[in-house]
>>> print(open('work_10.txt').read())   # compact mmCIF, C-alpha atoms
# COMPACT_ATOMS: atom_id res chain seq x y z
CA MET A 1 -2.07 11.86 17.31
CA ARG A 2 -1.64 9.74 14.25
CA PRO A 3 -2.02 11.14 10.76
CA ASP A 4 -5.45 10.06 9.66
CA ALA A 5 -5.17 8.15 6.41
CA SER A 6 -8.93 8.18 6.05
CA LEU A 7 -8.68 11.84 5.13
CA TRP A 8 -6.94 10.96 1.89
CA ARG A 9 -9.15 8.88 -0.19
CA GLN A 10 -10.03 7.68 -3.62
CA PRO A 11 -12.01 6.51 -5.50
CA ASN A 12 -15.41 7.19 -3.99
CA ARG A 13 -15.33 10.95 -3.81
CA ARG A 14 -19.06 11.06 -3.61
CA LEU A 15 -18.74 9.41 -0.22
CA TRP A 16 -16.16 11.84 0.98
CA GLN A 17 -17.11 13.67 4.10
CA ALA A 18 -15.36 16.58 5.65
CA PRO A 19 -13.00 15.50 8.41
CA ASP A 20 -12.78 17.06 11.81
CA PHE A 21 -10.87 20.21 11.09
CA ALA A 22 -9.47 20.52 14.56
CA GLU A 23 -6.12 22.21 14.34
CA ARG A 24 -3.16 19.96 14.75
CA LYS A 25 0.33 21.08 15.49
CA TYR A 26 3.67 19.48 15.91
CA SER A 27 4.72 19.02 19.47
CA PRO A 28 8.10 20.34 20.50
CA ASP A 29 8.35 17.27 22.69
CA GLN A 30 8.44 14.95 19.73
CA PRO A 31 11.57 12.84 19.41
CA ARG A 32 14.02 13.91 16.77
CA VAL A 33 16.31 11.99 14.51
CA PRO A 34 19.84 11.99 15.91
CA ALA A 35 22.42 14.14 14.20
CA GLY A 36 24.39 12.36 11.54
CA ASN A 37 21.35 10.81 9.90
CA PRO A 38 19.93 12.14 6.62
CA ASP A 39 16.98 13.57 8.52
CA GLY A 40 19.08 14.57 11.49
CA GLY A 41 17.41 17.10 13.74
CA GLN A 42 14.00 16.57 12.25
CA TRP A 43 11.06 15.13 14.06
CA THR A 44 10.68 11.40 13.77
CA ASP A 45 7.63 9.20 13.88
CA GLY A 46 9.68 6.53 15.58
CA GLY A 47 8.76 4.15 12.81
CA ASP A 48 10.82 1.55 11.09
CA ALA A 49 12.80 1.96 7.92
CA ILE A 50 11.09 1.53 4.58
CA VAL A 51 12.07 -1.98 3.59
CA LEU A 52 12.47 -2.52 -0.10
CA PRO A 53 15.26 -5.03 -0.47
CA GLU A 54 15.39 -4.83 -4.24
CA ILE A 55 15.44 -1.07 -4.27
CA VAL A 56 16.61 1.27 -1.59
CA VAL A 57 16.45 1.12 2.16
CA THR A 58 15.66 4.56 3.49
CA ALA A 59 16.18 4.96 7.19
CA ASP A 60 14.01 7.84 8.27
CA GLY A 61 13.36 6.86 11.84
CA THR A 62 14.82 5.22 14.85
CA GLU A 63 15.63 1.56 14.87
CA GLY A 64 13.41 -0.92 16.61
CA ASP A 65 10.48 -3.25 16.32
CA PRO A 66 7.39 -1.41 15.06
CA ALA A 67 5.45 -3.10 17.82
CA ASP A 68 7.55 -1.31 20.41
CA GLY A 69 5.52 1.35 22.09
CA ALA A 70 2.28 -0.04 20.74
CA ASP A 71 -0.85 0.41 22.74
CA ALA A 72 -3.05 -2.43 23.93
CA ASN A 73 -4.47 -2.88 20.46
CA GLY A 74 -1.11 -2.87 18.80
CA PHE A 75 -1.23 0.68 17.49
CA VAL A 76 1.92 2.71 17.47
CA GLN A 77 1.54 6.30 18.52
CA LEU A 78 3.26 8.44 15.94
CA ALA A 79 5.00 11.47 17.30
CA GLY A 80 4.80 13.32 14.00
CA ASP A 81 1.55 14.56 12.65
CA ILE A 82 0.48 15.71 9.26
CA PRO A 83 -0.88 19.23 9.36
CA ILE A 84 -4.19 18.99 7.61
CA GLY A 85 -7.19 21.17 7.43
CA ASP A 86 -9.78 21.34 4.73
CA SER A 87 -10.04 18.41 2.56
CA PRO A 88 -7.60 17.42 1.58
CA GLU A 89 -5.56 20.50 2.23
CA ILE A 90 -2.01 20.24 1.05
CA PRO A 91 0.34 20.94 3.94
CA LYS A 92 2.29 24.13 3.34
CA GLU A 93 5.27 22.71 5.15
CA PRO A 94 6.61 19.26 4.35
CA PRO A 95 5.86 16.65 6.99
CA PRO A 96 8.85 16.11 9.26
CA THR A 97 10.01 12.68 8.11
CA THR A 98 10.58 10.95 4.80
CA ARG A 99 7.97 8.37 5.70
CA LEU A 100 5.29 10.95 6.40
CA ARG A 101 6.17 12.96 3.31
CA ASN A 102 5.82 9.81 1.22
CA ILE A 103 2.47 8.97 2.78
CA VAL A 104 1.10 12.46 2.23
CA VAL A 105 2.32 12.99 -1.31
CA ARG A 106 1.16 9.56 -2.47
CA ALA A 107 -2.19 10.00 -0.76
CA LEU A 108 -2.55 13.34 -2.53
CA ALA A 109 -1.70 11.73 -5.86
CA ARG A 110 -4.26 9.04 -5.16
CA TYR A 111 -6.90 11.58 -4.25
CA PHE A 112 -6.40 14.13 -7.00
CA GLY A 113 -5.16 11.85 -9.75
CA PRO A 114 -3.54 13.49 -12.78
CA ARG A 115 -5.17 16.80 -11.83
CA ILE A 116 -2.98 17.11 -8.76
CA TRP A 117 -1.02 20.06 -10.14
CA LEU A 118 -4.21 22.11 -10.29
CA ALA A 119 -4.36 21.82 -6.52
CA VAL A 120 -0.72 22.51 -5.74
CA GLU A 121 0.49 26.05 -5.15
CA ALA A 122 3.60 27.29 -6.91
CA GLY A 123 6.69 26.66 -4.83
CA SER A 124 5.10 23.91 -2.77
CA TRP A 125 7.32 21.17 -1.40
CA ILE A 126 5.19 18.80 -3.44
CA TYR A 127 7.28 19.88 -6.45
CA ASP A 128 10.19 18.01 -4.88
CA HIS A 129 8.32 14.90 -6.05
CA LYS A 130 7.43 16.24 -9.47
CA ALA A 131 9.23 13.58 -11.51
CA GLU A 132 7.70 10.70 -9.54
CA ILE A 133 4.22 12.20 -9.62
CA ASN A 134 4.27 12.94 -13.33
CA SER A 135 5.55 9.49 -14.26
CA PHE A 136 2.97 7.90 -11.96
CA PHE A 137 0.22 9.17 -14.25
CA ASP A 138 1.76 7.96 -17.49
CA ALA A 139 -0.70 6.30 -19.83
CA PRO A 140 -0.13 2.55 -20.23
CA LYS A 141 2.52 1.71 -22.81
CA SER A 142 3.19 -1.23 -25.08
CA LEU A 143 5.65 -3.85 -23.92
CA ALA A 144 8.07 -2.79 -26.64
CA GLU A 145 7.95 0.82 -25.46
CA LEU A 146 8.61 -0.20 -21.87
CA GLN A 147 11.46 -2.50 -22.92
CA ASN A 148 13.05 0.16 -25.11
CA GLY A 149 12.87 2.60 -22.22
CA ALA A 150 15.08 0.38 -20.10
CA ASN A 151 18.06 1.70 -22.05
CA ALA A 152 17.15 5.32 -21.43
CA PRO A 153 17.28 6.33 -17.76
CA ALA A 154 14.95 9.17 -16.84
CA ALA A 155 13.96 11.03 -13.69
CA GLY A 156 10.97 9.45 -12.00
CA TYR A 157 11.50 6.05 -13.58
CA ASP A 158 13.24 2.81 -12.61
CA VAL A 159 14.23 -0.28 -14.52
CA HIS A 160 11.97 -3.10 -13.39
CA HIS A 161 12.37 -6.84 -13.84
CA ILE A 162 9.16 -8.43 -15.17
CA VAL A 163 10.24 -11.69 -13.57
CA GLU A 164 11.67 -10.76 -10.21
CA ARG A 165 15.36 -11.15 -9.61
CA ALA A 166 14.48 -12.64 -6.24
CA SER A 167 12.73 -15.52 -7.99
CA ALA A 168 15.74 -16.53 -10.05
CA ALA A 169 17.00 -20.07 -9.66
CA LYS A 170 19.60 -20.19 -6.93
CA ASP A 171 22.04 -22.10 -9.10
CA GLY A 172 22.38 -19.12 -11.42
CA SER A 173 20.93 -20.95 -14.39
CA GLU A 174 18.38 -18.17 -15.01
CA ALA A 175 20.77 -15.24 -14.79
CA ASP A 176 20.71 -14.66 -18.53
CA LEU A 177 16.91 -14.73 -18.65
CA ILE A 178 16.55 -12.40 -15.66
CA ASN A 179 18.87 -9.82 -17.14
CA ALA A 180 17.76 -10.21 -20.75
CA PRO A 181 16.37 -7.10 -22.47
CA GLU A 182 13.00 -8.85 -22.77
CA ASN A 183 12.73 -8.99 -18.98
CA LEU A 184 13.66 -5.36 -18.36
CA VAL A 185 11.21 -2.49 -18.58
CA ARG A 186 11.39 1.14 -17.54
CA ILE A 187 8.37 1.99 -15.43
CA PRO A 188 7.25 4.83 -13.13
CA ARG A 189 9.30 4.75 -9.94
CA TRP A 190 6.39 4.68 -7.48
CA LYS A 191 4.75 1.85 -9.37
CA HIS A 192 8.05 -0.01 -9.38
CA TRP A 193 8.26 0.32 -5.60
CA GLN A 194 4.62 -0.56 -5.05
CA ILE A 195 4.79 -3.64 -7.26
CA ASN A 196 7.90 -4.79 -5.41
CA ALA A 197 6.14 -4.20 -2.10
CA TRP A 198 3.11 -6.16 -3.33
CA TYR A 199 5.38 -9.12 -4.16
CA GLN A 200 6.59 -9.12 -0.56
CA THR A 201 3.26 -8.71 1.18
CA SER A 202 1.31 -11.66 2.60
CA ASN A 203 -1.76 -12.32 0.52
CA LYS A 204 -4.64 -14.68 1.10
CA ASP A 205 -4.97 -15.08 -2.68
CA TYR A 206 -1.83 -17.17 -2.55
CA GLY A 207 -2.64 -19.26 0.48
CA TRP A 208 -1.44 -16.55 2.86
CA LEU A 209 1.98 -16.57 1.23
CA THR A 210 3.51 -13.52 -0.36
CA PRO A 211 3.43 -13.58 -4.17
CA ARG A 212 7.20 -13.96 -4.06
CA GLN A 213 6.92 -17.03 -1.85
CA TYR A 214 4.09 -18.44 -3.94
CA LEU A 215 6.09 -18.09 -7.15
CA GLN A 216 9.20 -19.71 -5.76
CA GLY A 217 9.93 -22.77 -7.90
CA LYS A 218 7.19 -21.95 -10.41
CA SER A 219 7.95 -22.05 -14.12
CA TRP A 220 9.42 -19.10 -15.98
CA ASN A 221 6.17 -18.76 -17.90
CA GLU A 222 4.10 -18.61 -14.73
CA ARG A 223 6.37 -15.99 -13.17
CA THR A 224 6.24 -13.99 -16.40
CA ARG A 225 2.45 -14.18 -16.45
CA VAL A 226 2.21 -12.77 -12.93
CA GLY A 227 4.77 -10.09 -13.69
CA LEU A 228 2.88 -8.96 -16.78
CA ASP A 229 -0.48 -9.16 -14.99
CA ALA A 230 0.85 -6.84 -12.29
CA LEU A 231 2.04 -4.34 -14.88
CA ARG A 232 -1.31 -4.46 -16.67
CA LYS A 233 -3.41 -4.16 -13.54
CA PHE A 234 -1.36 -1.17 -12.42
CA GLU A 235 -1.88 0.40 -15.85
CA VAL A 236 1.79 0.42 -16.71
CA LEU A 237 1.38 -2.02 -19.58
CA GLN A 238 -1.36 -1.87 -22.20
CA MET B 1 0.32 -8.81 18.90
CA MET B 2 -3.16 -8.89 20.29
CA LYS B 3 -4.02 -12.24 21.83
CA SER B 4 -6.91 -14.12 20.34
CA ALA B 5 -8.31 -14.46 23.84
CA LYS B 6 -8.84 -10.71 23.90
CA LEU B 7 -10.55 -10.75 20.53
CA ARG B 8 -12.96 -13.37 21.82
CA THR B 9 -14.20 -10.95 24.46
CA MET B 10 -14.97 -8.19 21.97
CA SER B 11 -18.37 -7.49 20.47
CA VAL B 12 -18.95 -7.91 16.76
CA ASN B 13 -19.21 -4.17 16.31
CA ALA B 14 -15.97 -3.63 18.19
CA LEU B 15 -14.25 -6.18 15.98
CA ALA B 16 -15.51 -4.42 12.86
CA GLU B 17 -14.22 -1.14 14.24
CA LEU B 18 -10.86 -2.73 15.00
CA PHE B 19 -10.74 -4.12 11.47
CA THR B 20 -11.28 -0.60 10.14
CA ARG B 21 -8.53 0.83 12.32
CA PHE B 22 -6.05 -1.81 11.26
CA ALA B 23 -6.92 -1.29 7.61
CA LEU B 24 -6.46 2.46 7.89
CA GLN B 25 -3.14 1.96 9.60
CA GLN B 26 -2.19 -0.49 6.88
CA ASP B 27 -3.12 2.11 4.26
CA GLU B 28 -0.35 4.32 5.57
CA ALA B 29 2.10 1.44 5.53
CA VAL B 30 1.15 0.59 1.96
CA LEU B 31 1.55 4.20 0.86
CA ALA B 32 4.94 4.29 2.54
CA CYS B 33 5.95 0.99 0.85
CA ASP B 34 6.71 -0.24 4.37
CA VAL B 35 6.55 -3.98 3.79
CA LYS B 36 7.29 -5.00 7.36
CA GLU B 37 4.49 -2.91 8.80
CA THR B 38 2.09 -3.88 6.02
CA ASN B 39 2.67 -7.54 6.80
CA ARG B 40 2.33 -7.01 10.55
CA LEU B 41 -1.06 -5.44 9.98
CA PHE B 42 -2.03 -8.12 7.46
CA TRP B 43 -1.89 -10.72 10.21
CA LYS B 44 -3.79 -8.52 12.62
CA LEU B 45 -6.55 -8.12 10.05
CA GLU B 46 -6.54 -11.88 9.51
CA GLU B 47 -6.97 -12.44 13.24
CA VAL B 48 -9.95 -10.11 13.41
CA GLU B 49 -11.52 -11.60 10.31
CA GLY B 50 -10.96 -15.09 11.68
CA GLU B 51 -12.61 -14.18 14.94
CA LEU B 52 -15.65 -12.78 13.13
CA LYS B 53 -15.85 -15.86 10.93
CA SER B 54 -15.81 -18.12 13.97
CA ARG B 55 -18.75 -16.40 15.60
CA PRO B 56 -22.18 -18.08 15.25
CA GLY B 57 -23.71 -17.22 11.90
CA ASP B 58 -20.37 -16.09 10.46
CA GLN B 59 -20.21 -12.51 11.62
CA ARG B 60 -18.06 -11.35 8.72
CA HIS B 61 -21.37 -9.81 7.70
CA ALA B 62 -20.41 -7.01 10.07
CA LEU B 63 -17.74 -6.02 7.56
CA LEU B 64 -20.18 -5.50 4.70
CA PRO B 65 -20.82 -1.82 5.54
CA LEU B 66 -17.09 -1.26 5.05
CA LEU B 67 -17.49 -1.97 1.35
CA GLY B 68 -18.74 1.62 1.18
CA HIS B 69 -15.98 3.07 3.33
CA PRO B 70 -14.30 6.06 1.71
CA ASN B 71 -10.80 4.70 2.19
CA PRO B 72 -9.78 2.28 -0.59
CA GLN B 73 -7.59 0.15 1.65
CA VAL B 74 -10.53 -0.44 3.98
CA GLN B 75 -12.66 -1.27 0.96
CA VAL B 76 -10.18 -3.76 -0.46
CA LYS B 77 -9.65 -5.49 2.86
CA ALA B 78 -13.38 -5.66 3.53
CA ALA B 79 -14.04 -6.96 0.03
CA LYS B 80 -11.47 -9.73 0.30
CA ALA B 81 -12.82 -10.64 3.74
CA THR B 82 -16.39 -10.90 2.49
CA LEU B 83 -15.98 -12.53 -0.92
CA ALA B 84 -17.16 -15.84 0.52
CA ILE B 85 -20.35 -14.46 2.03
CA ALA B 86 -21.25 -11.67 -0.41
CA PRO B 87 -19.38 -12.46 -3.62
CA ALA B 88 -21.24 -10.12 -5.95
CA ALA B 89 -21.01 -7.06 -3.75
CA ALA B 90 -17.43 -7.73 -2.75
CA ARG B 91 -16.34 -8.34 -6.33
CA GLN B 92 -18.01 -5.15 -7.48
CA VAL B 93 -15.94 -3.19 -5.01
CA LEU B 94 -12.75 -4.83 -6.23
CA GLU B 95 -13.70 -4.04 -9.82
CA THR B 96 -14.43 -0.41 -9.01
CA ILE B 97 -11.12 0.05 -7.24
CA ALA B 98 -9.22 -1.78 -9.97
CA GLU B 99 -10.75 0.57 -12.54
CA THR B 100 -10.79 3.91 -10.76
CA CYS B 101 -8.31 4.08 -7.91
CA TYR B 102 -4.97 5.78 -8.53
CA GLY B 103 -3.28 4.24 -5.51
CA PRO B 104 -1.59 0.93 -4.79
CA GLN B 105 -4.98 -0.58 -3.98
CA LYS B 106 -5.56 -0.65 -7.73
CA LEU B 107 -2.86 -3.30 -8.00
CA GLU B 108 -4.11 -5.44 -5.12
CA ALA B 109 -7.72 -5.30 -6.30
CA GLY B 110 -6.79 -6.01 -9.91
CA MET B 111 -4.56 -8.96 -9.05
CA SER B 112 -7.23 -10.40 -6.76
CA LEU B 113 -9.67 -10.34 -9.65
CA VAL B 114 -7.13 -12.15 -11.82
CA ASN B 115 -6.64 -14.75 -9.11
CA LEU B 116 -10.37 -15.21 -8.65
CA ASP B 117 -10.96 -15.62 -12.36
CA ARG B 118 -8.12 -18.10 -12.74
CA GLY B 119 -9.23 -20.10 -9.72
CA ILE B 120 -6.00 -19.41 -7.89
CA TYR B 121 -7.98 -17.85 -5.06
CA LYS B 122 -11.13 -19.55 -3.82
CA PRO B 123 -12.67 -17.59 -0.95
CA THR B 124 -13.85 -19.62 2.01
>>> encode(input="work_10.txt", output="structure tokens")
Amino acid sequence: MRPDASLWRQPNRRLWQAPDFAERKYSPDQPRVPAGNPDGGQWTDGGDAIVLPEIVVTADGTEGDPADGADANGFVQLAGDIPIGDSPEIPKEPPPTTRLRNIVVRALARYFGPRIWLAVEAGSWIYDHKAEINSFFDAPKSLAELQNGANAPAAGYDVHHIVERASAAKDGSEADLINAPENLVRIPRWKHWQINAWYQTSNKDYGWLTPRQYLQGKSWNERTRVGLDALRKFEVLQ
Amino acid sequence: MMKSAKLRTMSVNALAELFTRFALQQDEAVLACDVKETNRLFWKLEEVEGELKSRPGDQRHALLPLLGHPNPQVQVKAAKATLAIAPAAARQVLETIAETCYGPQKLEAGMSLVNLDRGIYKPT
């Protein structure tokens, strides 16, 4: 049974309804990650790696096309399952794969918001993500603050390029601009990843192109505008 | 990938249900920052939306109840799919998510509003 993302929701709490609290358990028949991998021996959802070319590629499952094993409607049956009960109950044990842990902890952050620590028991595995969670709820900062932060690495933060490196002119003529202090900001790690993912996701706003594809060949000013808009809309930048 | 021929045999309600399922599955992919899976589901959602749009009377109206769905990914996808037929209601959902959601949907909703206001995106 798939983890049910509908159980983790924001923002309309007033619409939240109690899920079916039927007990779910891991199956001992689930496939496991082969030994030698970072998650070796653990259950796998059989999913694909998290693909973030500008960041990190985390292989937490077996290789293969995500469509493999899909049912008639194209759904992939996940072997792993998130143990959930009351709403939204925080699993006492971490989900078995990196992918599932990421889904659960980010869904919890989305649901609870900055009050998440009021809901988390001492010693919970959620504390493994403490730096990323805390930075995620930073108040928006000025551009100068974000730029100054780029020189001060900190847990839970990444250095982000306002204008994407991937959009730089292929002839190298923009290398100085891309790597200039004005283009570098330190932002919460999860927001960095999610902005990068947004740039790579097909979007009907841009004629069904990804933002990255849409911005290819656009002026520096236009790429800067989109980069700053993304930071503002994600409440990173004031 | 589901063949369009199969979509053509489905009822409007079944298509709306399929849209919901794809959006929920995409929510997980978005939370995982799994770009490949997010894009795979993007095109599945587009296929379902396209099929509804092609039905007599533009049956994207069947997606309007999803504007009140408790999952923000379903809400965002339904809003963007219905901007052309119910612009005020769809925009209100995008504004609410852009203002109140703590998840990645905040970014997508907020950027869609920017693109609407700048005329970059003109729903059809």
>>> interface_residues(input="work_10.txt", of="chain B", to="chain A", cutoff="7 Å", atoms="all atoms listed in the file", output="VMD selection string")
chain B and resid 1 to 2 24 27 to 28 31 to 36 38 to 39 42 70 to 72 97 100 to 104 106 to 107 110 to 112 115 120 to 121
>>> residues_around(input="work_10.txt", residues="Ala90 of chain B", least_positions_apart="4", cutoff="9 Å", atoms="all atoms listed in the file", output="ChimeraX atom specification")
/B:64,67,75-76,78-86,94-95
>>> atom_distance(input="work_10.txt", atom1="atom CA of Arg60 of chain B", atom2="atom CA of Glu99 of chain B")
25.4 Å
>>> closest_residue(input="work_10.txt", among="B:Arg55, B:His61, B:Arg8, B:Lys77", to="Gln25 of chain B", atoms="only C-alpha atoms")
B:Lys77
>>> atom_distance(input="work_10.txt", atom1="atom CA of Ala168 of chain A", atom2="atom CA of Val236 of chain A")
22.9 Å
>>> residues_around(input="work_10.txt", residues="Gly156 of chain A", least_positions_apart="4", cutoff="7 Å", atoms="only C-alpha atoms", output="PDB file with C-alpha atoms, keeping the file's coordinate frame")
ATOM      1  CA  ALA A 131       9.230  13.580 -11.510  1.00  0.00           C
ATOM      2  CA  GLU A 132       7.700  10.700  -9.540  1.00  0.00           C
ATOM      3  CA  SER A 135       5.550   9.490 -14.260  1.00  0.00           C
ATOM      4  CA  PRO A 188       7.250   4.830 -13.130  1.00  0.00           C
ATOM      5  CA  ARG A 189       9.300   4.750  -9.940  1.00  0.00           C
TER       6      ARG A 189
END
>>> closest_residue(input="work_10.txt", among="B:Asp117, B:Glu37, B:Asp58, B:Glu47", to="Arg91 of chain B", atoms="all atoms listed in the file")
B:Asp117
